[in-house]
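Colleague: Here it is, the structure, as structure tokens.
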Amino acid sequence: MPGILYQMIIYPIIYIWPAYVANGAPVIFGRGKRLPLDFNKKLWGKPIFGVHKTVRGLVAGLLAGLLMAGIESLFIPYMLIVGIALVIGTHAGDLLGSFIKRRIGHEEGAKLFLLDQYPFLILALLFALPFGSMPGAYGIIFLFILTGILHPLTNLAAHRLRIKKVPW
């Protein structure tokens with residue numbers, strides 16, 4: 001039984017943790033003076049990413065995620081390369097989600113079910129796929145469920161702590 005618990009819950013959490021840290025760090029450390037990643041440029045008359053995607057937030061997310069990957073690699077050596085891929089994929093997914101939201105006319109901070117929660121997770125997993133050691137199918141399903149639960153809860157907590165302006 002411990003083998004199943006480890007494979008389906010514990011290992012998937014350990015595996016995805018650098019991505020979760022990388023995804024959450026910009027909310028905490030990206031505040032203050034904002035230099036938008038898209039430098040306020042527009043594509044087809046709409047912001048590329050918007051002012052909420054900042055250089056400071058990206059750097060904070062990359063550094064925090066890479067730090068977590070480095071810590072995990074002390075115990076699980078292959079997690080360094082996997083963690084690097086997860087962290088890069090996390091930010092690629094987050095930016096892709098913002099890019100799509102801007103293209104379909106959603107304002108910054110506007111809530112859009114699924115597109116707010118999952119692009120970071122999907123791209124993180126896809127970027128890490130070539131490096132192996134991915135959780136099995138049940139572990140991946142667990143991560144999608146866990147992300148669907150944690151994402152709104154952590155955003156609500158950040159809103160109540162006045163770190164975020166909106167609770168989603």
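Every chain in the structure tokens has a letter given in the order shown (A, B, ...), and although residue numbers restart at 1 in each chain, ligands are simply numbered from 1 in the order shown.
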Leaving out stretch 150-162 of chain A and any residue of its chain fewer than 4 positions from it, which residues lie within 8 Å of it when counting only C-alpha atoms, given as a PyMOL selection string?
Modeller: chain A and resi 27+117+146+166-168
Colleague: Would you mind listing what lies within 9 Å of A:Leu37 as a ChimeraX atom specification, with only C-alpha atoms counted and same-chain residues fewer than 4 positions away left out?
Modeller: /A:48-56,58
Colleague: Only C-alpha atoms, please: the residues just picked out, written as a PDB file, in the first residue's frame.
Modeller:
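Okay, result_26.pdb is ready:
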ATOM      1  CA  ILE A  48       0.763  40.790 -25.878  1.00  0.00           C
ATOM      2  CA  PHE A  49       0.667  39.652 -22.235  1.00  0.00           C
ATOM      3  CA  GLY A  50      -0.430  42.727 -20.305  1.00  0.00           C
ATOM      4  CA  VAL A  51       1.063  44.769 -17.486  1.00  0.00           C
ATOM      5  CA  HIS A  52       0.592  42.035 -14.872  1.00  0.00           C
ATOM      6  CA  LYS A  53       3.264  39.849 -16.497  1.00  0.00           C
ATOM      7  CA  THR A  54       6.441  41.577 -15.388  1.00  0.00           C
ATOM      8  CA  VAL A  55      10.176  41.099 -15.694  1.00  0.00           C
ATOM      9  CA  ARG A  56      10.452  41.092 -11.908  1.00  0.00           C
ATOM     10  CA  LEU A  58       9.343  36.230 -14.235  1.00  0.00           C
TER      11      LEU A  58
END
Colleague: Which neighbours of stretch 120-131 of chain A fall inside 12 Å, counting only C-alpha atoms, when residues of the same chain fewer than 2 positions from it are skipped, and could you give them as a PyMOL selection string?
Modeller: chain A and resi 12+15-24+65+78-98+114-118+133-136+139-141+143-148+151
Colleague: Could you tell me, as a list in words, which residues of stretch 2-138 of chain A DSSP assigns to strand (DSSP E or B) when given the backbone?
Modeller: Pro36, Lys42, Leu43, Lys46, Pro47 and Thr54 of chain A
Colleague: Go ahead and save the picked residues with N, CA and C atoms, as a PDB file, in the first residue's frame.
Modeller:
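Done, and the output landed in result-v7.pdb:
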ATOM      1  N   PRO A  36       6.613  45.663 -17.605  1.00  0.00           N
ATOM      2  CA  PRO A  36       5.915  44.569 -18.287  1.00  0.00           C
ATOM      3  C   PRO A  36       6.846  43.796 -19.223  1.00  0.00           C
ATOM      4  N   LYS A  42       1.843  45.963 -28.390  1.00  0.00           N
ATOM      5  CA  LYS A  42       0.565  45.353 -28.742  1.00  0.00           C
ATOM      6  C   LYS A  42       0.724  44.479 -29.975  1.00  0.00           C
ATOM      7  N   LEU A  43      -0.145  43.506 -30.072  1.00  0.00           N
ATOM      8  CA  LEU A  43      -0.226  42.628 -31.229  1.00  0.00           C
ATOM      9  C   LEU A  43      -1.685  42.588 -31.640  1.00  0.00           C
ATOM     10  N   LYS A  46      -3.996  44.563 -29.362  1.00  0.00           N
ATOM     11  CA  LYS A  46      -4.208  44.139 -27.972  1.00  0.00           C
ATOM     12  C   LYS A  46      -2.858  43.877 -27.319  1.00  0.00           C
ATOM     13  N   PRO A  47      -2.768  44.081 -25.984  1.00  0.00           N
ATOM     14  CA  PRO A  47      -1.496  43.788 -25.305  1.00  0.00           C
ATOM     15  C   PRO A  47      -1.062  42.352 -25.563  1.00  0.00           C
ATOM     16  N   THR A  54       5.311  40.665 -15.502  1.00  0.00           N
ATOM     17  CA  THR A  54       6.441  41.577 -15.388  1.00  0.00           C
ATOM     18  C   THR A  54       7.785  40.859 -15.417  1.00  0.00           C
TER      19      THR A  54
END
Colleague: Based on DSSP run over this structure's backbone, return all residues of chain A in alpha helix (DSSP H), as a ChimeraX atom specification.
Modeller: /A:2-5,11-29,55-73,79-103,119-128,137-160
Colleague: Can you measure atom CA of A:Ile9 to atom CA of A:Gly70 for me? One decimal in Å is fine.
Modeller: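 It comes out at 21.4 Å.
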Colleague: May I ask for the distance between atom CA of A:Ala60 and atom CA of A:Phe113, given in Å to one decimal place?
Modeller: 25.3 Å
Colleague: Hey, can you check how far atom CA of A:Arg102 sits from atom CA of A:Ile28?
Modeller: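 Interatomic distance here is 23.1 Å.
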Colleague: In terms of the shortest atom-to-atom distance over only C-alpha atoms, which of A:Phe142, A:Phe99, A:Tyr11, A:Trp44 is closest to A:Glu72?
Modeller: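 When distances to A:Glu72 are compared using only C-alpha atoms, the smallest one comes from A:Tyr11.
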